[in-house]
>>> print(open('my_file_27.txt').read())   # compact mmCIF, C-alpha atoms (C1' of nucleotides)
# COMPACT_ATOMS: atom_id res chain seq x y z
CA MET T 2 57.65 -60.55 -178.72
CA PHE T 3 60.57 -61.90 -180.71
CA ASP T 4 59.60 -59.47 -183.45
CA LEU T 5 60.40 -56.57 -181.10
CA PHE T 6 63.80 -58.09 -180.38
CA GLU T 7 64.39 -58.62 -184.09
CA LYS T 8 63.40 -55.06 -184.85
CA TYR T 9 65.86 -53.82 -182.21
CA LEU T 10 68.68 -55.97 -183.59
CA LEU T 11 68.11 -54.75 -187.13
CA SER T 12 68.16 -51.16 -185.91
CA LYS T 13 71.64 -51.79 -184.52
CA ALA T 14 73.29 -53.71 -187.36
CA ALA T 15 72.54 -55.41 -190.67
CA PHE T 16 72.10 -58.94 -189.39
CA THR T 17 71.36 -61.55 -192.05
CA ALA T 18 68.19 -63.63 -191.91
CA GLY T 19 70.30 -66.64 -190.96
CA GLU T 20 71.99 -64.77 -188.12
CA LEU T 21 68.67 -63.58 -186.76
CA GLN T 22 67.42 -67.12 -186.87
CA GLN T 23 70.47 -68.32 -184.94
CA ILE T 24 69.98 -65.64 -182.31
CA GLU T 25 66.29 -66.32 -181.94
CA ALA T 26 66.86 -70.04 -181.68
CA ALA T 27 68.90 -69.35 -178.55
CA SER T 28 66.35 -66.92 -177.10
CA VAL T 29 63.80 -67.71 -174.45
CA LEU T 30 60.86 -65.49 -173.68
CA ARG T 31 60.06 -64.73 -170.07
CA LYS T 32 56.97 -62.89 -168.89
CA LEU T 33 57.11 -61.11 -165.56
CA ARG T 34 54.23 -59.69 -163.62
CA LYS T 35 54.66 -56.46 -161.68
CA ARG T 36 56.84 -57.06 -158.60
CA GLN T 37 58.03 -60.45 -159.85
CA PHE T 38 61.76 -61.13 -159.54
CA LEU T 39 64.09 -61.79 -162.44
CA LEU T 40 67.10 -62.10 -160.11
CA GLN T 41 67.37 -62.24 -156.35
CA GLU T 42 70.38 -61.36 -154.25
CA GLY T 43 72.52 -64.44 -153.70
CA GLU T 44 71.70 -66.09 -157.01
CA VAL T 45 74.22 -66.37 -159.83
CA TRP T 46 73.18 -64.51 -162.97
CA ALA T 47 73.89 -66.32 -166.26
CA TYR T 48 71.95 -64.59 -169.05
CA TYR T 49 71.92 -61.75 -171.45
CA ALA T 50 68.54 -60.14 -170.99
CA PHE T 51 66.80 -57.83 -173.40
CA VAL T 52 63.69 -56.00 -172.26
CA ALA T 53 61.06 -56.35 -174.99
CA SER T 54 58.30 -54.60 -173.04
CA GLY T 55 57.68 -53.14 -169.61
CA CYS T 56 60.20 -51.90 -167.07
CA LEU T 57 62.57 -53.54 -164.60
CA ARG T 58 64.81 -52.17 -161.89
CA THR T 59 68.13 -53.32 -160.42
CA TYR T 60 68.60 -52.53 -156.74
CA THR T 61 70.27 -53.41 -153.47
CA VAL T 62 68.72 -53.61 -150.02
CA ASP T 63 70.84 -52.23 -147.19
CA ALA T 64 71.11 -53.28 -143.55
CA LYS T 65 68.21 -51.00 -142.57
CA GLY T 66 65.99 -52.47 -145.27
CA ALA T 67 66.18 -49.41 -147.52
CA GLU T 68 66.28 -50.04 -151.27
CA HIS T 69 68.82 -48.36 -153.53
CA ILE T 70 68.05 -48.49 -157.24
CA LEU T 71 71.10 -48.76 -159.48
CA ASN T 72 69.15 -48.49 -162.71
CA PHE T 73 65.93 -48.96 -164.59
CA ALA T 74 65.58 -50.88 -167.85
CA VAL T 75 62.61 -50.16 -170.08
CA GLU T 76 61.82 -51.67 -173.49
CA ASN T 77 64.82 -51.88 -175.84
CA TRP T 78 67.30 -51.79 -172.96
CA TRP T 79 69.30 -54.63 -171.52
CA THR T 80 69.39 -55.75 -167.92
CA GLY T 81 71.11 -58.34 -165.74
CA ASP T 82 74.23 -58.45 -163.57
CA LEU T 83 77.34 -58.58 -165.75
CA GLN T 84 79.59 -58.80 -162.73
CA SER T 85 77.92 -61.97 -161.48
CA LEU T 86 77.75 -63.36 -165.01
CA GLU T 87 81.47 -62.97 -165.55
CA SER T 88 82.73 -63.88 -162.12
CA GLY T 89 80.28 -66.71 -161.50
CA GLN T 90 79.82 -65.21 -158.02
CA PRO T 91 76.41 -64.71 -156.41
CA SER T 92 74.87 -61.37 -157.28
CA GLY T 93 74.53 -58.58 -154.77
CA TYR T 94 71.59 -57.17 -156.72
CA ASN T 95 67.89 -57.77 -157.01
CA ILE T 96 66.10 -57.28 -160.29
CA ASP T 97 62.33 -57.17 -160.43
CA ALA T 98 59.55 -55.87 -162.62
CA VAL T 99 58.25 -52.33 -162.05
CA GLU T 100 55.44 -53.08 -164.51
CA ASP T 101 54.28 -56.27 -166.21
CA SER T 102 57.18 -56.98 -168.54
CA THR T 103 58.54 -59.31 -171.19
CA VAL T 104 62.21 -60.23 -171.31
CA VAL T 105 64.21 -62.12 -173.93
CA LEU T 106 66.82 -64.32 -172.26
CA ILE T 107 69.88 -65.90 -173.85
CA LYS T 108 72.08 -68.17 -171.75
CA HIS T 109 75.59 -66.85 -171.16
CA GLU T 110 77.46 -69.66 -172.96
CA GLN T 111 75.10 -69.61 -175.90
CA PHE T 112 75.43 -65.87 -176.15
CA GLU T 113 79.24 -66.09 -176.13
CA HIS T 114 79.02 -68.68 -178.87
CA LEU T 115 76.80 -66.42 -180.97
CA ARG T 116 79.08 -63.50 -180.29
CA GLN T 117 82.03 -65.39 -181.69
CA GLN T 118 80.12 -66.49 -184.75
CA ILE T 119 78.41 -63.21 -185.55
CA PRO T 120 80.82 -60.25 -185.75
CA ALA T 121 77.98 -57.76 -185.95
CA LEU T 122 76.64 -59.02 -182.62
CA HIS T 123 80.08 -58.76 -181.07
CA GLU T 124 80.39 -55.15 -182.18
CA MET T 125 76.87 -54.38 -181.07
CA VAL T 126 77.65 -55.54 -177.54
CA ASN T 127 80.92 -53.63 -177.50
CA GLY T 128 79.11 -50.49 -178.56
CA LEU T 129 76.50 -51.09 -175.88
CA LEU T 130 79.09 -51.41 -173.14
CA HIS T 131 80.88 -48.37 -174.45
CA ARG T 132 77.74 -46.24 -174.26
CA SER T 133 76.80 -47.72 -170.91
CA PHE T 134 80.14 -46.57 -169.58
CA LEU T 135 79.57 -43.02 -170.78
CA VAL T 136 76.11 -42.97 -169.23
CA ALA T 137 77.47 -44.32 -165.94
CA GLN T 138 80.23 -41.68 -165.90
CA ALA T 139 77.69 -38.93 -166.45
CA ARG T 140 75.58 -40.27 -163.61
CA ILE T 141 78.54 -40.33 -161.23
CA GLN T 142 79.19 -36.73 -162.09
CA THR T 143 75.66 -35.65 -161.17
CA VAL T 144 75.55 -37.78 -158.05
CA ILE T 145 78.76 -36.42 -156.53
CA SER T 146 78.20 -32.78 -157.39
CA TYR T 147 74.48 -32.05 -157.31
CA SER T 148 72.15 -31.25 -154.42
CA ALA T 149 68.97 -33.31 -154.07
CA GLU T 150 66.96 -30.71 -155.95
CA GLU T 151 69.50 -30.44 -158.76
CA LYS T 152 69.56 -34.22 -159.08
CA TYR T 153 65.81 -34.31 -159.51
CA ARG T 154 65.82 -31.48 -162.05
CA ALA T 155 68.54 -33.22 -164.05
CA PHE T 156 66.58 -36.47 -163.91
CA LEU T 157 63.45 -34.78 -165.23
CA GLN T 158 65.41 -33.24 -168.04
CA GLN T 159 67.25 -36.41 -169.02
CA TYR T 160 64.39 -38.87 -168.59
CA PRO T 161 61.12 -36.92 -168.77
CA ALA T 162 59.15 -40.05 -169.68
CA PHE T 163 60.42 -41.94 -166.62
CA ALA T 164 58.97 -39.37 -164.26
CA LEU T 165 55.49 -40.18 -165.58
CA ARG T 166 56.00 -43.89 -165.60
CA ILE T 167 57.94 -44.81 -162.50
CA PRO T 168 56.54 -44.47 -158.96
CA GLN T 169 58.08 -41.57 -157.12
CA HIS T 170 59.50 -43.55 -154.26
CA MET T 171 61.54 -45.47 -156.85
CA VAL T 172 62.73 -42.28 -158.48
CA ALA T 173 63.80 -41.08 -155.04
CA SER T 174 65.68 -44.31 -154.45
CA TYR T 175 67.36 -44.03 -157.85
CA LEU T 176 68.47 -40.51 -157.02
CA GLY T 177 69.85 -41.56 -153.64
CA MET T 178 67.34 -39.77 -151.40
CA THR T 179 64.24 -40.66 -149.35
CA THR T 180 60.67 -40.46 -150.62
CA GLU T 181 59.95 -37.69 -148.15
CA THR T 182 62.82 -35.57 -149.40
CA LEU T 183 61.69 -35.98 -153.01
CA SER T 184 58.13 -35.15 -152.03
CA ARG T 185 59.25 -31.91 -150.38
CA ILE T 186 61.44 -30.99 -153.35
CA ARG T 187 58.52 -31.43 -155.70
CA ARG T 188 56.36 -29.22 -153.52
CA ASN T 189 58.93 -26.44 -153.75
CA LEU T 190 59.49 -26.71 -157.49
CA VAL T 191 57.86 -23.85 -159.33
CA MET C 4 108.75 -43.98 -171.01
CA PHE C 5 107.63 -45.81 -174.15
CA ASP C 6 109.03 -48.96 -172.58
CA LEU C 7 106.43 -48.69 -169.81
CA PHE C 8 103.68 -48.33 -172.39
CA GLU C 9 105.06 -51.29 -174.33
CA LYS C 10 105.23 -53.37 -171.18
CA TYR C 11 101.60 -52.51 -170.45
CA LEU C 12 100.48 -53.40 -173.96
CA LEU C 13 102.26 -56.76 -173.85
CA SER C 14 100.62 -57.54 -170.52
CA LYS C 15 97.24 -57.09 -172.20
CA ALA C 16 97.74 -58.95 -175.47
CA ALA C 17 100.42 -60.62 -177.59
CA PHE C 18 101.20 -57.72 -179.89
CA THR C 19 103.83 -58.44 -182.55
CA ALA C 20 107.01 -56.38 -182.74
CA GLY C 21 105.65 -54.73 -185.89
CA GLU C 22 102.39 -53.80 -184.22
CA LEU C 23 104.18 -52.32 -181.25
CA GLN C 24 106.31 -50.30 -183.62
CA GLN C 25 103.19 -49.03 -185.39
CA ILE C 26 101.61 -48.02 -182.11
CA GLU C 27 104.70 -46.31 -180.84
CA ALA C 28 105.18 -44.45 -184.10
CA ALA C 29 101.81 -42.80 -183.46
CA SER C 30 102.58 -42.06 -179.81
CA VAL C 31 103.73 -38.75 -178.42
CA LEU C 32 105.16 -38.33 -174.97
CA ARG C 33 103.93 -35.49 -172.80
CA LYS C 34 105.44 -34.53 -169.47
CA LEU C 35 103.25 -32.69 -166.99
CA ARG C 36 104.35 -30.94 -163.84
CA LYS C 37 102.15 -31.05 -160.77
CA ARG C 38 99.05 -28.88 -161.27
CA GLN C 39 99.64 -28.59 -165.02
CA PHE C 40 96.56 -29.08 -167.21
CA LEU C 41 96.17 -31.82 -169.79
CA LEU C 42 92.66 -30.62 -170.67
CA GLN C 43 90.71 -27.55 -169.69
CA GLU C 44 86.96 -27.12 -169.70
CA GLY C 45 85.79 -25.81 -173.04
CA GLU C 46 88.52 -27.47 -175.09
CA VAL C 47 87.80 -30.40 -177.40
CA TRP C 48 89.59 -33.58 -176.40
CA ALA C 49 91.05 -35.61 -179.28
CA TYR C 50 93.47 -38.18 -177.87
CA TYR C 51 93.80 -41.54 -176.30
CA ALA C 52 95.95 -40.96 -173.25
CA PHE C 53 97.88 -43.58 -171.33
CA VAL C 54 99.41 -42.61 -168.00
CA ALA C 55 102.98 -43.93 -167.95
CA SER C 56 103.88 -42.38 -164.60
CA GLY C 57 102.38 -40.10 -161.99
CA CYS C 58 98.73 -39.34 -161.32
CA LEU C 59 96.07 -37.19 -162.96
CA ARG C 60 92.53 -36.27 -162.01
CA THR C 61 89.41 -35.47 -164.01
CA TYR C 62 87.09 -32.95 -162.40
CA THR C 63 84.41 -30.32 -162.83
CA VAL C 64 84.15 -26.93 -161.14
CA ASP C 65 80.65 -25.90 -160.10
CA ALA C 66 79.05 -22.46 -159.90
CA LYS C 67 80.35 -21.94 -156.35
CA GLY C 68 83.90 -22.80 -157.39
CA ALA C 69 83.89 -26.21 -155.70
CA GLU C 70 85.75 -29.02 -157.49
CA HIS C 71 84.17 -32.45 -158.03
CA ILE C 72 86.61 -35.19 -158.97
CA LEU C 73 85.19 -37.78 -161.33
CA ASN C 74 88.24 -40.01 -161.25
CA PHE C 75 91.95 -40.40 -160.75
CA ALA C 76 94.29 -42.04 -163.24
CA VAL C 77 97.63 -43.38 -161.99
CA GLU C 78 100.30 -45.23 -163.96
CA ASN C 79 98.94 -47.91 -166.30
CA TRP C 80 95.50 -46.32 -166.44
CA TRP C 81 93.98 -44.31 -169.22
CA THR C 82 92.55 -40.82 -169.03
CA GLY C 83 90.84 -38.26 -171.26
CA ASP C 84 87.26 -37.34 -172.09
CA LEU C 85 85.71 -39.98 -174.35
CA GLN C 86 82.49 -38.04 -174.60
CA SER C 87 84.20 -34.97 -176.03
CA LEU C 88 86.39 -37.14 -178.24
CA GLU C 89 83.43 -38.87 -179.82
CA SER C 90 81.03 -35.96 -180.05
CA GLY C 91 83.59 -33.38 -181.03
CA GLN C 92 81.93 -31.11 -178.46
CA PRO C 93 83.90 -29.02 -175.95
CA SER C 94 84.64 -30.92 -172.77
CA GLY C 95 82.95 -30.12 -169.48
CA TYR C 96 85.89 -31.56 -167.60
CA ASN C 97 89.29 -30.43 -166.46
CA ILE C 98 92.19 -32.85 -166.29
CA ASP C 99 95.37 -31.91 -164.49
CA ALA C 100 98.35 -33.56 -162.84
CA VAL C 101 98.13 -34.44 -159.15
CA GLU C 102 101.85 -35.29 -159.25
CA ASP C 103 104.54 -34.79 -161.89
CA SER C 104 103.41 -37.21 -164.58
CA THR C 105 104.17 -38.64 -167.99
CA VAL C 106 101.42 -39.34 -170.49
CA VAL C 107 101.51 -41.17 -173.82
CA LEU C 108 99.20 -39.47 -176.32
CA ILE C 109 97.83 -40.90 -179.55
CA LYS C 110 95.66 -38.71 -181.75
CA HIS C 111 92.06 -39.88 -182.10
CA GLU C 112 92.14 -40.54 -185.88
CA GLN C 113 95.47 -42.29 -185.68
CA PHE C 114 94.24 -44.42 -182.84
CA GLU C 115 91.12 -45.41 -184.77
CA HIS C 116 93.33 -46.33 -187.71
CA LEU C 117 95.51 -48.51 -185.48
CA ARG C 118 92.44 -50.03 -183.92
CA GLN C 119 91.17 -51.13 -187.31
CA GLN C 120 94.50 -52.55 -188.34
CA ILE C 121 95.36 -54.32 -185.10
CA PRO C 122 92.59 -56.63 -183.84
CA ALA C 123 94.37 -57.19 -180.53
CA LEU C 124 94.28 -53.45 -179.86
CA HIS C 125 90.60 -53.28 -180.74
CA GLU C 126 89.83 -56.06 -178.29
CA MET C 127 92.03 -54.50 -175.65
CA VAL C 128 90.07 -51.25 -175.82
CA ASN C 129 86.75 -53.10 -175.75
CA GLY C 130 87.87 -54.97 -172.67
CA LEU C 131 88.99 -51.73 -171.08
CA LEU C 132 85.61 -50.07 -171.66
CA HIS C 133 83.86 -53.16 -170.42
CA ARG C 134 85.77 -53.13 -167.15
CA SER C 135 85.44 -49.37 -166.84
CA PHE C 136 81.69 -49.80 -167.01
CA LEU C 137 81.69 -52.37 -164.22
CA VAL C 138 83.87 -50.11 -162.05
CA ALA C 139 81.58 -47.14 -162.73
CA GLN C 140 78.49 -49.20 -161.83
CA ALA C 141 80.08 -50.25 -158.56
CA ARG C 142 80.91 -46.66 -157.75
CA ILE C 143 77.34 -45.52 -158.43
CA GLN C 144 76.14 -48.17 -156.04
CA THR C 145 78.36 -46.91 -153.20
CA VAL C 146 77.63 -43.27 -153.90
CA ILE C 147 73.83 -43.61 -153.79
CA SER C 148 73.64 -45.95 -150.81
CA TYR C 149 76.51 -45.15 -148.44
CA SER C 150 76.87 -42.48 -145.77
CA ALA C 151 79.96 -40.26 -145.88
CA GLU C 152 81.78 -42.49 -143.39
CA GLU C 153 80.89 -45.67 -145.27
CA LYS C 154 82.09 -44.11 -148.52
CA TYR C 155 85.44 -43.33 -146.98
CA ARG C 156 85.80 -46.80 -145.46
CA ALA C 157 84.97 -48.40 -148.82
CA PHE C 158 87.46 -46.12 -150.53
CA LEU C 159 90.23 -47.12 -148.10
CA GLN C 160 89.45 -50.76 -148.66
CA GLN C 161 89.30 -50.55 -152.43
CA TYR C 162 92.18 -48.17 -153.02
CA PRO C 163 94.43 -48.31 -149.94
CA ALA C 164 97.40 -46.95 -151.91
CA PHE C 165 95.46 -43.90 -153.06
CA ALA C 166 94.84 -42.77 -149.51
CA LEU C 167 98.59 -42.45 -148.99
CA ARG C 168 99.27 -40.80 -152.29
CA ILE C 169 96.44 -38.38 -152.93
CA PRO C 170 95.86 -35.23 -150.85
CA GLN C 171 92.87 -35.56 -148.57
CA HIS C 172 90.91 -32.67 -149.97
CA MET C 173 90.99 -34.45 -153.33
CA VAL C 174 89.84 -37.70 -151.77
CA ALA C 175 86.97 -35.76 -150.18
CA SER C 176 86.08 -34.25 -153.53
CA TYR C 177 86.19 -37.68 -155.18
CA LEU C 178 83.84 -39.03 -152.52
CA GLY C 179 81.43 -36.13 -152.93
CA MET C 180 81.95 -34.42 -149.57
CA THR C 181 83.83 -31.41 -148.19
CA THR C 182 87.36 -31.52 -146.78
CA GLU C 183 86.01 -30.62 -143.37
CA THR C 184 83.58 -33.52 -143.35
CA LEU C 185 86.32 -35.96 -144.33
CA SER C 186 88.60 -34.52 -141.68
CA ARG C 187 85.95 -35.09 -139.00
CA ILE C 188 85.25 -38.60 -140.22
CA ARG C 189 88.92 -39.46 -139.96
CA ARG C 190 89.05 -38.11 -136.43
CA ASN C 191 86.22 -40.42 -135.41
CA LEU C 192 87.60 -43.54 -137.11
CA VAL C 193 89.04 -45.96 -134.59
C1' DA D 8 116.82 -17.98 -145.46
C1' DA D 9 112.39 -15.76 -145.72
C1' DA D 10 107.77 -15.36 -147.55
C1' DG D 11 103.82 -17.25 -149.01
C1' DC D 12 100.83 -20.65 -150.11
C1' DC D 13 98.80 -25.23 -149.58
C1' DC D 14 96.87 -28.38 -146.52
C1' DG D 15 94.45 -30.43 -142.83
C1' DT D 16 92.07 -29.36 -138.50
C1' DT D 17 88.80 -27.28 -135.33
C1' DG D 18 84.75 -24.64 -133.58
C1' DA D 19 80.30 -22.49 -134.09
C1' DC D 20 76.50 -22.39 -136.52
C1' DA D 21 73.33 -23.11 -140.68
C1' DA D 22 71.31 -25.80 -144.19
C1' DT D 23 70.10 -30.05 -145.95
C1' DT D 24 68.40 -34.44 -145.54
C1' DG D 25 66.69 -38.41 -142.84
C1' DT D 26 63.51 -40.56 -139.31
C1' DC D 27 59.23 -41.52 -137.37
C1' DA D 28 54.40 -41.19 -137.11
C1' DA D 29 50.08 -40.24 -139.03
C1' DC D 30 46.78 -39.64 -142.76
C1' DG D 31 43.90 -40.07 -146.92
C1' DG D 32 43.15 -41.47 -151.61
C1' DG D 33 43.04 -44.91 -154.76
C1' DC D 34 44.37 -49.24 -156.68
C1' DT D 35 44.42 -54.26 -156.14
C1' DT D 36 42.90 -58.37 -154.28
C1' DT D 37 39.48 -61.38 -152.47
C1' DA Q 2 31.48 -54.56 -152.72
C1' DA Q 3 34.67 -54.55 -148.90
C1' DA Q 4 39.26 -54.88 -147.02
C1' DG Q 5 43.79 -54.02 -147.24
C1' DC Q 6 47.77 -52.40 -149.02
C1' DC Q 7 50.56 -49.14 -151.67
C1' DC Q 8 51.70 -44.54 -152.41
C1' DG Q 9 52.59 -39.81 -151.78
C1' DT Q 10 52.25 -36.06 -148.40
C1' DT Q 11 52.90 -33.52 -144.13
C1' DG Q 12 54.68 -32.17 -139.50
C1' DA Q 13 58.00 -32.33 -135.81
C1' DC Q 14 62.29 -33.31 -134.72
C1' DA Q 15 67.08 -35.46 -135.17
C1' DA Q 16 71.21 -36.48 -137.59
C1' DT Q 17 74.29 -35.49 -141.07
C1' DT Q 18 76.80 -32.54 -143.78
C1' DG Q 19 78.09 -27.87 -145.39
C1' DT Q 20 79.72 -22.98 -144.55
C1' DC Q 21 82.68 -19.67 -142.73
C1' DA Q 22 86.48 -18.20 -140.12
C1' DA Q 23 90.73 -18.98 -137.93
C1' DC Q 24 95.05 -21.39 -137.10
C1' DG Q 25 99.52 -23.76 -137.45
C1' DG Q 26 102.73 -26.73 -139.77
C1' DG Q 27 105.28 -27.65 -143.57
C1' DC Q 28 106.32 -27.52 -148.38
C1' DT Q 29 107.49 -24.66 -152.37
C1' DT Q 30 109.10 -20.72 -154.45
C1' DT Q 31 111.99 -16.77 -154.75
>>> encode(input="my_file_27.txt", output="C-alpha cells")
Amino acid sequence: MFDLFEKYLLSKAAFTAGELQQIEAASVLRKLRKRQFLLQEGEVWAYYAFVASGCLRTYTVDAKGAEHILNFAVENWWTGDLQSLESGQPSGYNIDAVEDSTVVLIKHEQFEHLRQQIPALHEMVNGLLHRSFLVAQARIQTVISYSAEEKYRAFLQQYPAFALRIPQHMVASYLGMTTETLSRIRRNLV
Amino acid sequence: MFDLFEKYLLSKAAFTAGELQQIEAASVLRKLRKRQFLLQEGEVWAYYAFVASGCLRTYTVDAKGAEHILNFAVENWWTGDLQSLESGQPSGYNIDAVEDSTVVLIKHEQFEHLRQQIPALHEMVNGLLHRSFLVAQARIQTVISYSAEEKYRAFLQQYPAFALRIPQHMVASYLGMTTETLSRIRRNLV
DNA sequence: AAAGCCCGTTGACAATTGTCAACGGGCTTT
DNA sequence: AAAGCCCGTTGACAATTGTCAACGGGCTTT
C-alpha cells in the first residue's frame, strides 16, 4: 500500500528517491475493517493520515444520539483532526471506516520534522490546506442557502461517485438532514 | 491607515523595515462608505485585501432575492474571493461594507511577487489559510448539527462583539435563517 | 424640520423537516 | 442454513422554520 502513497506524493511534487524513503520510513500502515474506529471522541489525535484505500468518515454524535458527518475521506484524501493535533486537546470527533480501508499514518512530530527537511512536502501540505479551505467555504455556502432538495442535488453533481458508494443515511447525515427526509426527496426527484 | 496594517504584520512575524517598505509600496488604500461594494457578483477578484478598519461582509443573493452571508471581516481580518482570484473566473459573491471601512489592497501578481521574496509573508499567509480552514470546519459542524436557537447561542458565545455591532438581519442571514426566526428566538431566550 | 427608508417585531398561516412506529429485503454473522 | 441486524421506505403527526403583511421607532437623507 506504500506504493499508492508514493504514487500520490509523486503526483503532487517531484520528491527525490531519498525523500520518499525518508517519508516512508516514518509511515505506518493501518488496516481498518468496516465500522472500525480510527479515532474516538475524547482521544487526542496525533497523526497525519493518508487514506490509501477505502473510505472513512469524521462525525460527531449529539445529545440525542444523532450522528452528524463533517466529511468523508476516500482514497488519496487525508483525514484526522487537525484541531486536536495542534492543540493537544481531546478530539470532539469520531472517525471510523465506512468500508474496509487502509490508512498510512505518520506521527505528528515525525511529520513536522519531515516537513522542515523537505520543502516540497511543506508546500504540498500548504497547498492541501489551502484547497481544503476553499472546499469548506463552498460547503458553508450551500449549507446556509440551500433547501434540503437543493443540497442533495448539489451533492449529486459535485460527488456523483459518492452517491453510489456511501450508504444513504450517511449522505443524509452529511447534508444535515434525516434519513427519512432524504428518502422522501429521492422519491420526488424526477 | 498603513500604520494599522504594519502593526498587524509585525504582530504576525518579524518583518524587516525593508520588507515592510516593500509591502507598503505595493499597497493601495481604499475607503468604503457603508453599503458600498468592494466586489460585485460577476466581477473577477484580483486582490489581497486587509481590513484596516470597519466591517465588510461576503454574501450571495439567491433566485428569490434573499441574501446569504458567508462571512464577516472586521479590522485585522482579510477579505476577498480567493476562488475567483485563483481561477480568474467571475466571482459568485458580493462584498460590501457593513460600516464605513478602510481596506488595504494589494494586486494579486504583486502580492505573489512579495510572497516569493519575503519568506515570512509566505508563512504568514499559509498560517492564515490553515486557521481559516479550521474555522470553516468548525462552522460546518455547527451549521449541520445545530437547531436555529443553538446556532444563535453558539454565535453569541463565539463572537459576542459581533452581536452588538452587526444588524440582526445580517446575523440571521449569516446563521442561515430568516430575520423573523431570529427575532422570535431572541424573544424566547431567557 | 420633514420625508422616507431601514430595521426589528408580531400575528396568522403555510411549507418544510423531524419524530416515531412499522415493515420488508438483503447482507452479515454464527 | 437460520437468525439477526442494517438499511431504506412509508404513513401519520408534530415541531420548526419560512412567508406575507402590517406596524412603529429611529436613523439618514434632503
>>> atom_distance(input="my_file_27.txt", atom1="atom CA of Gln119 of chain C", atom2="atom CA of Tyr96 of chain C")
28.3 Å
>>> residues_around(input="my_file_27.txt", residues="DT30 of chain Q", least_positions_apart="4", cutoff="12 Å", atoms="all atoms listed in the file", output="VMD selection string")
chain D and resid 9 to 12
>>> closest_atom_pairs(input="my_file_27.txt", of="chain T", to="chain C", cutoff="10 Å", atoms="all atoms listed in the file", output="JSON lines")
{"residue": "T:Tyr60", "atom": "CA", "partner": "C:Gln144", "partner_atom": "CA", "distance": 8.7}
{"residue": "T:Thr61", "atom": "CA", "partner": "C:Gln144", "partner_atom": "CA", "distance": 8.3}
{"residue": "T:Val62", "atom": "CA", "partner": "C:Ser148", "partner_atom": "CA", "distance": 9.1}
{"residue": "T:Asp63", "atom": "CA", "partner": "C:Ser148", "partner_atom": "CA", "distance": 7.8}
{"residue": "T:Ala67", "atom": "CA", "partner": "C:Ser148", "partner_atom": "CA", "distance": 8.9}
{"residue": "T:Glu68", "atom": "CA", "partner": "C:Ser148", "partner_atom": "CA", "distance": 8.4}
{"residue": "T:His69", "atom": "CA", "partner": "C:Ser148", "partner_atom": "CA", "distance": 6.0}
{"residue": "T:Ile70", "atom": "CA", "partner": "C:Gln144", "partner_atom": "CA", "distance": 8.2}
{"residue": "T:Leu71", "atom": "CA", "partner": "C:Gln144", "partner_atom": "CA", "distance": 6.1}
{"residue": "T:Asn72", "atom": "CA", "partner": "C:Gln140", "partner_atom": "CA", "distance": 9.4}
{"residue": "T:Asp82", "atom": "CA", "partner": "C:Leu137", "partner_atom": "CA", "distance": 9.6}
{"residue": "T:Leu83", "atom": "CA", "partner": "C:Leu137", "partner_atom": "CA", "distance": 7.7}
{"residue": "T:Gln84", "atom": "CA", "partner": "C:Leu137", "partner_atom": "CA", "distance": 6.9}
{"residue": "T:Glu124", "atom": "CA", "partner": "C:Asn129", "partner_atom": "CA", "distance": 9.3}
{"residue": "T:Val126", "atom": "CA", "partner": "C:Asn129", "partner_atom": "CA", "distance": 9.6}
{"residue": "T:Asn127", "atom": "CA", "partner": "C:Asn129", "partner_atom": "CA", "distance": 6.1}
{"residue": "T:Gly128", "atom": "CA", "partner": "C:Asn129", "partner_atom": "CA", "distance": 8.5}
{"residue": "T:Leu129", "atom": "CA", "partner": "C:His133", "partner_atom": "CA", "distance": 9.4}
{"residue": "T:Leu130", "atom": "CA", "partner": "C:His133", "partner_atom": "CA", "distance": 5.8}
{"residue": "T:His131", "atom": "CA", "partner": "C:Leu132", "partner_atom": "CA", "distance": 5.7}
{"residue": "T:Arg132", "atom": "CA", "partner": "C:Phe136", "partner_atom": "CA", "distance": 9.0}
{"residue": "T:Ser133", "atom": "CA", "partner": "C:Phe136", "partner_atom": "CA", "distance": 6.6}
{"residue": "T:Phe134", "atom": "CA", "partner": "C:Phe136", "partner_atom": "CA", "distance": 4.4}
{"residue": "T:Leu135", "atom": "CA", "partner": "C:Gln86", "partner_atom": "CA", "distance": 6.9}
{"residue": "T:Val136", "atom": "CA", "partner": "C:Phe136", "partner_atom": "CA", "distance": 9.1}
{"residue": "T:Ala137", "atom": "CA", "partner": "C:Ala139", "partner_atom": "CA", "distance": 5.9}
{"residue": "T:Gln138", "atom": "CA", "partner": "C:Ala139", "partner_atom": "CA", "distance": 6.5}
{"residue": "T:Ala139", "atom": "CA", "partner": "C:Leu73", "partner_atom": "CA", "distance": 9.2}
{"residue": "T:Arg140", "atom": "CA", "partner": "C:Ile143", "partner_atom": "CA", "distance": 7.6}
{"residue": "T:Ile141", "atom": "CA", "partner": "C:Ile143", "partner_atom": "CA", "distance": 6.0}
{"residue": "T:Gln142", "atom": "CA", "partner": "C:Leu73", "partner_atom": "CA", "distance": 6.1}
{"residue": "T:Thr143", "atom": "CA", "partner": "C:His71", "partner_atom": "CA", "distance": 9.6}
{"residue": "T:Val144", "atom": "CA", "partner": "C:Val146", "partner_atom": "CA", "distance": 7.2}
{"residue": "T:Ile145", "atom": "CA", "partner": "C:Gly179", "partner_atom": "CA", "distance": 4.5}
{"residue": "T:Ser146", "atom": "CA", "partner": "C:His71", "partner_atom": "CA", "distance": 6.0}
{"residue": "T:Tyr147", "atom": "CA", "partner": "C:Asp65", "partner_atom": "CA", "distance": 9.1}
{"residue": "T:Ser174", "atom": "CA", "partner": "C:Ile147", "partner_atom": "CA", "distance": 8.2}
{"residue": "T:Tyr175", "atom": "CA", "partner": "C:Ile147", "partner_atom": "CA", "distance": 7.6}
{"residue": "T:Leu176", "atom": "CA", "partner": "C:Ile147", "partner_atom": "CA", "distance": 7.0}
{"residue": "T:Gly177", "atom": "CA", "partner": "C:Ile147", "partner_atom": "CA", "distance": 4.5}
{"residue": "T:Met178", "atom": "CA", "partner": "C:Ile147", "partner_atom": "CA", "distance": 7.9}
>>> closest_atom_pairs(input="my_file_27.txt", of="chain C", to="chain Q", cutoff="12 Å", atoms="all atoms listed in the file", output="tab-separated table")
residue	atom	partner	partner_atom	distance
C:Lys37	CA	Q:DT29	C1'	11.8
C:Lys67	CA	Q:DT20	C1'	11.9
C:Ala69	CA	Q:DG19	C1'	11.9
C:Ser150	CA	Q:DT17	C1'	8.8
C:Ala151	CA	Q:DT18	C1'	8.6
C:Glu152	CA	Q:DT17	C1'	10.5
C:Gly179	CA	Q:DT18	C1'	10.9
C:Met180	CA	Q:DT18	C1'	8.0
C:Thr181	CA	Q:DG19	C1'	7.3
C:Thr182	CA	Q:DG19	C1'	10.1
C:Glu183	CA	Q:DG19	C1'	8.6
C:Thr184	CA	Q:DT18	C1'	6.9
C:Leu185	CA	Q:DT18	C1'	10.1
C:Arg187	CA	Q:DT18	C1'	10.6
C:Ile188	CA	Q:DT18	C1'	11.0
